[in-house]
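Peer 1: Got a file for you: model-v9.txt, compact mmCIF, C-alpha atoms and all ligand atoms.
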```txt
# COMPACT_ATOMS: atom_id res chain seq x y z
CA GLN A 1 169.08 240.34 -18.17
CA GLU A 2 166.16 238.37 -19.51
CA MET A 3 165.38 237.07 -16.03
CA LYS A 4 165.45 240.63 -14.74
CA ILE A 5 162.73 241.70 -17.16
CA GLU A 6 160.76 238.56 -16.36
CA LEU A 7 160.99 239.15 -12.63
CA ARG A 8 159.71 242.70 -12.97
CA ARG A 9 156.81 241.38 -15.02
CA ALA A 10 156.16 238.61 -12.49
CA LEU A 11 155.66 241.21 -9.80
CA GLU A 12 153.25 243.18 -11.97
CA ARG A 13 151.34 240.08 -13.08
CA GLY A 14 150.95 238.70 -9.58
CA GLU A 15 153.11 235.61 -10.16
CA LEU A 16 154.78 235.93 -6.76
CA GLU A 17 153.27 233.94 -3.96
CA LEU A 18 153.98 233.67 -0.25
CA PHE A 19 154.41 230.31 1.45
CA TYR A 20 154.36 230.08 5.24
CA GLN A 21 156.39 227.84 7.54
CA PRO A 22 155.14 227.31 11.12
CA LEU A 23 157.32 227.85 14.20
CA ILE A 24 156.36 225.65 17.15
CA ASN A 25 156.49 226.51 20.85
CA LEU A 26 158.43 223.63 22.39
CA GLY A 27 156.51 223.78 25.66
CA THR A 28 152.94 223.98 24.42
CA LYS A 29 153.54 222.47 20.94
CA GLN A 30 151.35 225.27 19.55
CA ILE A 31 152.13 227.26 16.43
CA THR A 32 153.40 230.67 17.56
CA THR A 33 154.47 232.19 14.23
CA CYS A 34 154.48 231.45 10.52
CA GLU A 35 157.45 232.71 8.47
CA ALA A 36 156.55 234.11 5.06
CA LEU A 37 158.81 232.76 2.29
CA VAL A 38 158.35 234.08 -1.22
CA ARG A 39 158.08 231.87 -4.34
CA TRP A 40 157.67 232.71 -8.01
CA ARG A 41 154.96 230.72 -9.73
CA HIS A 42 156.44 230.85 -13.23
CA PRO A 43 153.96 230.07 -16.03
CA ASP A 44 156.39 227.61 -17.73
CA LYS A 45 159.02 226.75 -15.13
CA GLY A 46 156.70 226.13 -12.18
CA LEU A 47 157.57 227.13 -8.62
CA ILE A 48 160.91 228.97 -8.41
CA SER A 49 162.80 229.24 -5.10
CA PRO A 50 163.83 232.65 -3.75
CA VAL A 51 167.43 231.40 -3.75
CA GLU A 52 167.22 231.87 -7.52
CA PHE A 53 165.83 235.41 -7.60
CA ILE A 54 166.35 237.33 -4.34
CA SER A 55 169.95 238.27 -5.17
CA LEU A 56 168.86 239.32 -8.68
CA ALA A 57 166.12 241.42 -7.09
CA GLU A 58 168.75 242.97 -4.82
CA GLU A 59 171.13 243.72 -7.70
CA THR A 60 168.42 245.36 -9.79
CA GLY A 61 166.61 247.28 -7.07
CA LEU A 62 163.47 245.19 -7.59
CA ILE A 63 163.82 244.12 -3.97
CA ILE A 64 162.17 247.41 -2.99
CA PRO A 65 158.78 246.78 -4.67
CA LEU A 66 159.10 243.03 -4.01
CA GLY A 67 159.76 243.65 -0.31
CA GLU A 68 156.86 246.07 -0.12
CA TRP A 69 154.51 243.55 -1.72
CA THR A 70 155.72 240.79 0.63
CA LEU A 71 155.17 242.88 3.73
CA ARG A 72 151.68 243.98 2.74
CA GLN A 73 150.64 240.50 1.62
CA ALA A 74 151.99 238.78 4.74
CA CYS A 75 150.11 241.21 7.01
CA ARG A 76 146.88 240.69 5.07
CA GLU A 77 147.21 236.92 5.34
CA ALA A 78 148.09 236.95 9.05
CA ALA A 79 144.99 239.01 9.81
CA LYS A 80 142.97 235.86 8.94
CA TRP A 81 144.76 233.75 11.58
CA PRO A 82 143.88 233.42 15.28
CA PRO A 83 145.36 236.33 17.28
CA HIS A 84 147.96 234.19 19.11
CA ILE A 85 149.75 233.47 15.82
CA SER A 86 152.28 235.99 14.48
CA VAL A 87 153.80 236.37 11.03
CA ALA A 88 157.54 236.72 10.32
CA VAL A 89 158.82 238.56 7.24
CA ASN A 90 162.42 238.53 5.99
CA LEU A 91 163.91 241.95 5.23
CA SER A 92 166.79 242.51 2.83
CA PRO A 93 169.51 244.92 4.07
CA LEU A 94 168.82 246.93 0.93
CA GLN A 95 165.31 247.74 2.13
CA PHE A 96 166.97 249.84 4.85
CA ARG A 97 168.24 252.27 2.21
CA ASN A 98 164.63 253.30 1.91
CA ARG A 99 164.30 255.77 4.78
CA LYS A 100 160.57 255.23 4.85
CA LEU A 101 160.79 251.55 5.79
CA SER A 102 159.17 252.14 9.19
CA ALA A 103 156.32 254.04 7.52
CA LEU A 104 155.81 251.10 5.16
CA VAL A 105 155.66 248.74 8.14
CA ALA A 106 153.13 250.94 9.91
CA ASP A 107 151.06 251.29 6.74
CA SER A 108 151.03 247.53 6.03
CA LEU A 109 149.82 246.84 9.56
CA ARG A 110 147.14 249.52 9.48
CA GLU A 111 145.89 248.47 6.05
CA ALA A 112 145.59 244.83 7.18
CA GLY A 113 144.17 245.68 10.59
CA LEU A 114 146.90 243.53 12.16
CA ASP A 115 148.05 244.18 15.72
CA PRO A 116 151.69 245.42 15.39
CA SER A 117 152.94 242.94 17.98
CA ARG A 118 151.93 240.13 15.57
CA LEU A 119 154.53 241.18 13.00
CA GLN A 120 158.14 240.00 13.33
CA LEU A 121 160.80 241.30 10.99
CA GLU A 122 163.74 238.98 10.40
CA ILE A 123 167.05 240.64 9.67
CA THR A 124 170.55 239.26 9.28
CA GLU A 125 173.48 240.89 11.00
CA SER A 126 174.58 242.54 7.75
CA VAL A 127 171.85 245.09 8.47
CA LEU A 128 173.90 246.28 11.44
CA LEU A 129 177.20 246.20 9.55
CA ASP A 130 176.72 249.68 8.15
CA GLU A 131 179.02 252.35 9.53
CA SER A 132 176.39 255.00 10.07
CA ASP A 133 173.65 254.54 12.60
CA ASN A 134 171.04 254.79 9.86
CA ASN A 135 169.87 251.19 10.02
CA LEU A 136 169.91 251.12 13.79
CA HIS A 137 167.75 254.20 13.76
CA ILE A 138 165.26 252.58 11.37
CA LEU A 139 165.12 249.47 13.57
CA GLN A 140 164.27 251.68 16.53
CA GLU A 141 161.52 253.36 14.53
CA ILE A 142 160.08 249.96 13.57
CA ARG A 143 160.21 248.96 17.21
CA GLN A 144 158.24 252.10 18.08
CA VAL A 145 155.57 251.06 15.61
CA GLY A 146 155.21 247.96 17.79
CA ALA A 147 156.61 245.24 15.52
CA LYS A 148 159.19 242.71 16.78
CA ILE A 149 162.73 242.26 15.47
CA ALA A 150 164.39 238.86 15.08
CA MET A 151 168.04 238.15 14.26
CA ASP A 152 168.02 235.48 11.54
CA ASP A 153 170.81 233.01 10.69
CA PHE A 154 172.37 233.67 14.09
CA GLY A 155 175.98 232.53 14.36
CA THR A 156 176.86 232.54 10.68
CA GLY A 157 178.21 236.10 10.49
CA TYR A 158 181.31 237.69 11.93
CA SER A 159 180.00 239.32 15.06
CA SER A 160 176.57 238.03 15.92
CA LEU A 161 177.36 238.36 19.61
CA SER A 162 178.40 241.99 19.46
CA TYR A 163 175.16 242.92 17.70
CA LEU A 164 173.21 241.67 20.69
CA ARG A 165 174.72 244.65 22.51
CA THR A 166 173.95 247.06 19.68
CA PHE A 167 170.25 246.32 19.45
CA PRO A 168 167.80 244.64 21.84
CA PHE A 169 166.46 241.88 19.59
CA ASP A 170 163.17 240.21 20.49
CA LYS A 171 164.19 236.85 19.03
CA ILE A 172 167.33 234.95 18.01
CA LYS A 173 167.05 232.30 15.29
CA VAL A 174 170.01 229.94 15.46
CA ASP A 175 171.08 229.02 11.96
CA ARG A 176 170.35 225.49 10.83
CA GLU A 177 174.04 224.82 10.23
CA PHE A 178 174.35 224.40 14.02
CA ILE A 179 171.43 221.97 14.16
CA SER A 180 172.29 219.69 11.26
CA ASP A 181 175.01 217.71 13.11
CA LEU A 182 173.26 217.49 16.49
CA PRO A 183 173.45 215.70 18.84
CA THR A 184 176.90 214.31 18.03
CA GLY A 185 178.55 217.54 16.84
CA LYS A 186 180.35 218.69 19.99
CA GLU A 187 181.09 222.18 18.72
CA SER A 188 177.54 222.75 17.52
CA LEU A 189 176.14 221.51 20.80
CA ALA A 190 178.38 223.85 22.79
CA ILE A 191 177.40 226.82 20.63
CA VAL A 192 173.70 226.03 20.74
CA ARG A 193 173.89 225.64 24.53
CA ALA A 194 175.64 229.00 24.88
CA VAL A 195 173.06 230.77 22.71
CA ALA A 196 170.19 229.30 24.75
CA GLY A 197 171.87 230.64 27.88
CA ILE A 198 172.40 234.11 26.41
CA GLY A 199 168.76 234.24 25.29
CA ARG A 200 167.58 233.25 28.76
CA SER A 201 169.79 235.86 30.45
CA LEU A 202 168.70 238.63 28.12
CA GLY A 203 165.03 237.67 27.97
CA ILE A 204 165.17 237.07 24.23
CA THR A 205 163.04 234.37 22.60
CA THR A 206 165.31 231.59 21.32
CA THR A 207 164.45 229.67 18.17
CA VAL A 208 166.27 226.90 16.32
CA GLU A 209 165.94 226.53 12.56
CA GLY A 210 166.21 223.45 10.40
CA VAL A 211 165.06 220.77 12.84
CA GLU A 212 164.63 217.70 10.65
CA THR A 213 164.81 214.72 13.02
CA GLN A 214 163.50 213.66 16.41
CA THR A 215 167.05 213.29 17.78
CA GLN A 216 167.83 216.87 16.81
CA LEU A 217 164.61 217.95 18.53
CA ASP A 218 165.53 216.02 21.69
CA ALA A 219 168.91 217.75 21.73
CA VAL A 220 167.49 221.27 21.45
CA ASN A 221 164.74 220.50 23.95
CA ALA A 222 167.41 219.55 26.45
CA GLU A 223 168.94 223.01 26.04
CA GLY A 224 165.69 224.80 26.79
CA PHE A 225 164.93 226.56 23.52
CA ASP A 226 161.60 228.35 23.27
CA GLU A 227 160.72 227.49 19.67
CA ALA A 228 161.70 225.33 16.73
CA GLN A 229 161.17 225.44 12.99
CA GLY A 230 161.97 222.76 10.47
CA TYR A 231 160.81 219.98 8.19
CA LEU A 232 160.15 217.72 11.23
CA PHE A 233 157.14 219.95 12.00
CA ALA A 234 156.21 221.40 8.65
CA ARG A 235 157.64 222.53 5.33
CA PRO A 236 156.80 225.96 3.99
CA LEU A 237 153.13 225.67 2.96
CA SER A 238 150.82 227.61 0.68
CA ALA A 239 148.51 230.15 2.35
CA GLU A 240 145.58 227.75 1.99
CA GLN A 241 147.53 224.78 3.38
CA VAL A 242 148.89 226.67 6.38
CA PHE A 243 145.40 227.93 7.16
CA GLU A 244 144.16 224.32 7.25
CA VAL A 245 147.05 223.30 9.51
CA ILE A 246 146.33 226.20 11.88
CA LYS A 247 142.65 225.23 12.09
CA ALA A 248 143.44 221.54 12.60
CA ARG A 249 145.94 222.13 15.41
CA ARG A 250 143.84 224.46 17.54
O1 LIG B 301 162.13 229.84 1.15
P1 LIG B 301 163.49 229.19 1.18
O2 LIG B 301 162.90 228.19 1.69
O3 LIG B 301 163.96 228.63 -0.10
O4 LIG B 301 164.24 230.59 1.32
C1 LIG B 301 165.52 230.79 0.79
C2 LIG B 301 166.07 232.12 1.21
O5 LIG B 301 165.29 233.19 0.66
C3 LIG B 301 166.12 232.33 2.72
O6 LIG B 301 167.39 232.87 3.04
C4 LIG B 301 165.06 233.34 2.96
O7 LIG B 301 165.38 234.18 4.06
C5 LIG B 301 165.03 234.12 1.66
N1 LIG B 301 163.71 234.72 1.46
C6 LIG B 301 162.53 234.07 1.34
N2 LIG B 301 161.52 234.93 1.22
C7 LIG B 301 162.07 236.18 1.29
C8 LIG B 301 161.52 237.51 1.24
O8 LIG B 301 160.32 237.75 1.15
N3 LIG B 301 162.42 238.54 1.31
C9 LIG B 301 163.75 238.34 1.44
N4 LIG B 301 164.55 239.42 1.50
N5 LIG B 301 164.30 237.11 1.51
C10 LIG B 301 163.46 236.05 1.44
O1 LIG B 302 167.51 232.31 5.75
P1 LIG B 302 166.22 231.93 6.37
O2 LIG B 302 166.37 231.37 7.72
O3 LIG B 302 165.16 233.00 6.30
O4 LIG B 302 165.65 230.81 5.41
C1 LIG B 302 164.84 229.80 5.79
C2 LIG B 302 165.17 228.70 4.80
O5 LIG B 302 165.33 227.46 5.47
C3 LIG B 302 164.12 228.51 3.77
O6 LIG B 302 164.80 228.24 2.59
C4 LIG B 302 163.40 227.25 4.26
O7 LIG B 302 162.74 226.57 3.22
C5 LIG B 302 164.56 226.46 4.81
N1 LIG B 302 164.22 225.44 5.78
C6 LIG B 302 163.23 225.49 6.70
N2 LIG B 302 163.23 224.36 7.46
C7 LIG B 302 164.23 223.58 7.00
C8 LIG B 302 164.72 222.27 7.37
O8 LIG B 302 164.25 221.62 8.30
N3 LIG B 302 165.78 221.82 6.67
C9 LIG B 302 166.34 222.52 5.65
N4 LIG B 302 167.37 221.96 5.01
N5 LIG B 302 165.91 223.74 5.28
C10 LIG B 302 164.86 224.27 5.95
MN MN B 303 164.22 233.80 7.93
NA NA B 304 168.23 231.24 8.70
```
Could you render the structure from this file as structure tokens?
Peer 2:
Amino acid sequence: QEMKIELRRALERGELELFYQPLINLGTKQITTCEALVRWRHPDKGLISPVEFISLAEETGLIIPLGEWTLRQACREAAKWPPHISVAVNLSPLQFRNRKLSALVADSLREAGLDPSRLQLEITESVLLDESDNNLHILQEIRQVGAKIAMDDFGTGYSSLSYLRTFPFDKIKVDREFISDLPTGKESLAIVRAVAGIGRSLGITTTVEGVETQTQLDAVNAEGFDEAQGYLFARPLSAEQVFEVIKARR
């Protein structure tokens, strides 16, 4: 209850901050995208992870203004980057209850002067779990605006594969649980290999999350993934830090 009041105030006082984690093209080694990850810079407690407040924000409805702020802020920041670098923003399933989500996306892009194709929205399969076609419809509207749609945490839900038939995703992000035991984990390797093949067949960009070691990288490279993200390349960085990294790597 107390944290709920504090979180609302944090939003008003500008205590939320976006960090950005680079995604690397495995062929060119260039940064293709930076994923925006929210943090709360608490005046006493320091930097608080979203793990500790996103579900609270979802329970209290604060996810709506928080999500709106995140989207606008991420677009503004990305407009400062070179045009070959995109920004990825995580969307909560609850944001789809707001029928005007596609209008918010369009408005954030216009306000920032960001080319729509440079915005990627990451959703989990729970977005497509709803019985009605409401969310699917909103995804199609967002697509019409020109933004890209990525399926996050791929493989951790109940029917990731069937959702590839429901909606033509632009990108699949294989969950880091399948990367952590590579290259020895036989099951993980088989799954990762299958997903790379599906992505290739469907023309979907394939990304692996949570690459921490060189041996994990070698394993995913052998399977032909397009991109990788993980501590081996970079941790989530402040806006200033990621800007320096982008400049240095060009
Ligand atoms: O950033 P971290 O590194 O700790 O992220 C933890 C979790 O919080 C991830 O599942 C991530 O998708 C989620 N998360 C981070 N930023 C946002 C955000 O802006 N919106 C939503 N809905 N989830 C986010
Ligand atoms: O759920 P989503 O994929 O949006 O969340 C990304 C989360 O993964 C963030 O919490 C981010 O900090 C974390 N993350 C990114 N790279 C790595 C990594 O290499 N190892 C681990 N353990 N976590 C990572
Ligand atoms: Mn994500
Ligand atoms: Na994930």
Peer 1: How many Å lie between atom C5 of ligand LIG 301 (chain B) and atom CA of Leu121 of chain A, rounded to one decimal?
Peer 2: 12.5 Å
Peer 1: What residues have any atom no more than 12 Å from ligand MN 303 (chain B) when counting all atoms listed in the file, and can you list them as a ChimeraX atom specification?
Peer 2: /A:20-23,33-38,50,87-92,120-124,149-154,171-176,207-210,229-230,236
Peer 1: Mind pulling up the distance from atom CA of Ser86 of chain A to atom N1 of ligand LIG 301 (chain B)?
Peer 2: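 Atom CA of Ser86 of chain A lies 17.4 Å from atom N1 of ligand LIG 301 (chain B).
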Peer 1: Compare A:Glu177, A:Glu6, A:Glu131, A:Glu52 by their minimum atom-to-atom distance to ligand NA 304 (chain B), counting only C-alpha atoms and all ligand atoms, and give me the closest one.
Peer 2: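 Closest to ligand NA 304 (chain B), using only C-alpha atoms and all ligand atoms: A:Glu177.
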Peer 1: Would you mind listing what lies within 9 Å of segment 53-68 of chain A as an MDAnalysis selection string, with only C-alpha atoms counted and same-chain residues fewer than 4 positions away left out?
Peer 2: chainID A and resid 3:4 7:8 11 16 40 48:49 72:73 90:92 94:95 98 101 104:105 108
Peer 1: With all atoms listed in the file as the basis for distance, which of A:Ala194, A:Ala78, A:Ala222, A:Ala10 is at the shortest distance from His42 of chain A?
Peer 2: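 Smallest separation from His42 of chain A among the options: A:Ala10.
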Peer 1: Taking all atoms listed in the file into account, which of A:Ala190, A:Val195, A:Val51, A:Leu217 comes nearest ligand LIG 301 (chain B)?
Peer 2: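 Selected residue with least distance to ligand LIG 301 (chain B): A:Val51.
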Peer 1: Measure the distance from atom CA of Glu223 of chain A to atom CA of Val192 of chain A in Å and round it to one decimal.
Peer 2: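 Interatomic distance, atom CA of Glu223 of chain A to atom CA of Val192 of chain A: 7.7 Å.
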Peer 1: Check the smallest atom-to-atom distance from each of A:Asn221, A:Thr156, A:Gln241, A:Asn134 to ligand NA 304 (chain B) using all atoms listed in the file, then report the winner.
Peer 2: A:Thr156
Peer 1: Of the candidates A:Ala79, A:Ala103, A:Ala219, A:Leu128, which shows the shortest atom-to-atom distance to Ser162 of chain A, using only C-alpha atoms?
Peer 2: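 Of A:Ala79, A:Ala103, A:Ala219, A:Leu128, the one nearest Ser162 of chain A is A:Leu128, counting only C-alpha atoms.
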Peer 1: If the box runs along x, y and z of the file and leaves 4 Å on each side of ligand LIG 302 (chain B), what are its centre and edge lengths in Å, one decimal, as AutoDock Vina command-line options?
Peer 2:
```
--center_x 165.1 --center_y 227.3 --center_z 5.4 --size_x 12.8 --size_y 19.4 --size_z 13.7
```
Peer 1: For ligand LIG 301 (chain B), which residue out of A:Ala74, A:Val220, A:Leu119, A:Ile24 is the nearest one, using all atoms listed in the file?
Peer 2: A:Ala74
Peer 1: With a distance cut-off of 12 Å and all atoms listed in the file, select the neighbouring residues of Gln144 of chain A, excluding the residue or stretch itself and same-chain residues fewer than 5 positions from it, and output the selection as a list in words.
Peer 2: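 With the cut-off at 12 Å, the set is Ser102, Ala103, Val105, Ala106, Pro116, Ser117, His137, Ile138, Leu139 and Ile149 of chain A.
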Peer 1: So that I have them on file, write out the residues from the current selection with C-alpha atoms, as an mmCIF file, in the frame of the given file.
Peer 2:
```cif
data_model
loop_
_atom_site.group_PDB
_atom_site.id
_atom_site.type_symbol
_atom_site.label_atom_id
_atom_site.label_comp_id
_atom_site.auth_asym_id
_atom_site.auth_seq_id
_atom_site.Cartn_x
_atom_site.Cartn_y
_atom_site.Cartn_z
ATOM 1 C CA SER A 102 159.170 252.140 9.190
ATOM 2 C CA ALA A 103 156.320 254.040 7.520
ATOM 3 C CA VAL A 105 155.660 248.740 8.140
ATOM 4 C CA ALA A 106 153.130 250.940 9.910
ATOM 5 C CA PRO A 116 151.690 245.420 15.390
ATOM 6 C CA SER A 117 152.940 242.940 17.980
ATOM 7 C CA HIS A 137 167.750 254.200 13.760
ATOM 8 C CA ILE A 138 165.260 252.580 11.370
ATOM 9 C CA LEU A 139 165.120 249.470 13.570
ATOM 10 C CA ILE A 149 162.730 242.260 15.470
#
```
Peer 1: The residues within 6 Å of (164.6, 240.7, 24.0), using all atoms listed in the file and the coordinates of the file, should be reported as an MDAnalysis selection string; which are they?
Peer 2: chainID A and resid 168:170 203:204
Peer 1: Those residues you just picked out, can you put them in a file as a compact mmCIF listing (two decimals), keeping the file's coordinate frame with C-alpha atoms?
Peer 2:
```txt
# COMPACT_ATOMS: atom_id res chain seq x y z
CA PRO A 168 167.80 244.64 21.84
CA PHE A 169 166.46 241.88 19.59
CA ASP A 170 163.17 240.21 20.49
CA GLY A 203 165.03 237.67 27.97
CA ILE A 204 165.17 237.07 24.23
```
Peer 1: Contacts of Pro82 of chain A at 12 Å or less, counting only C-alpha atoms, minus same-chain residues fewer than 4 places along, as a list in words?
Peer 2: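 Answer for this query is Gln30, Ile31, Thr32, Thr33, Cys34, Glu77, Ala78, Ser86, Val87, Leu114, Asp115, Arg118, Phe243, Ile246, Lys247, Arg249 and Arg250 of chain A.
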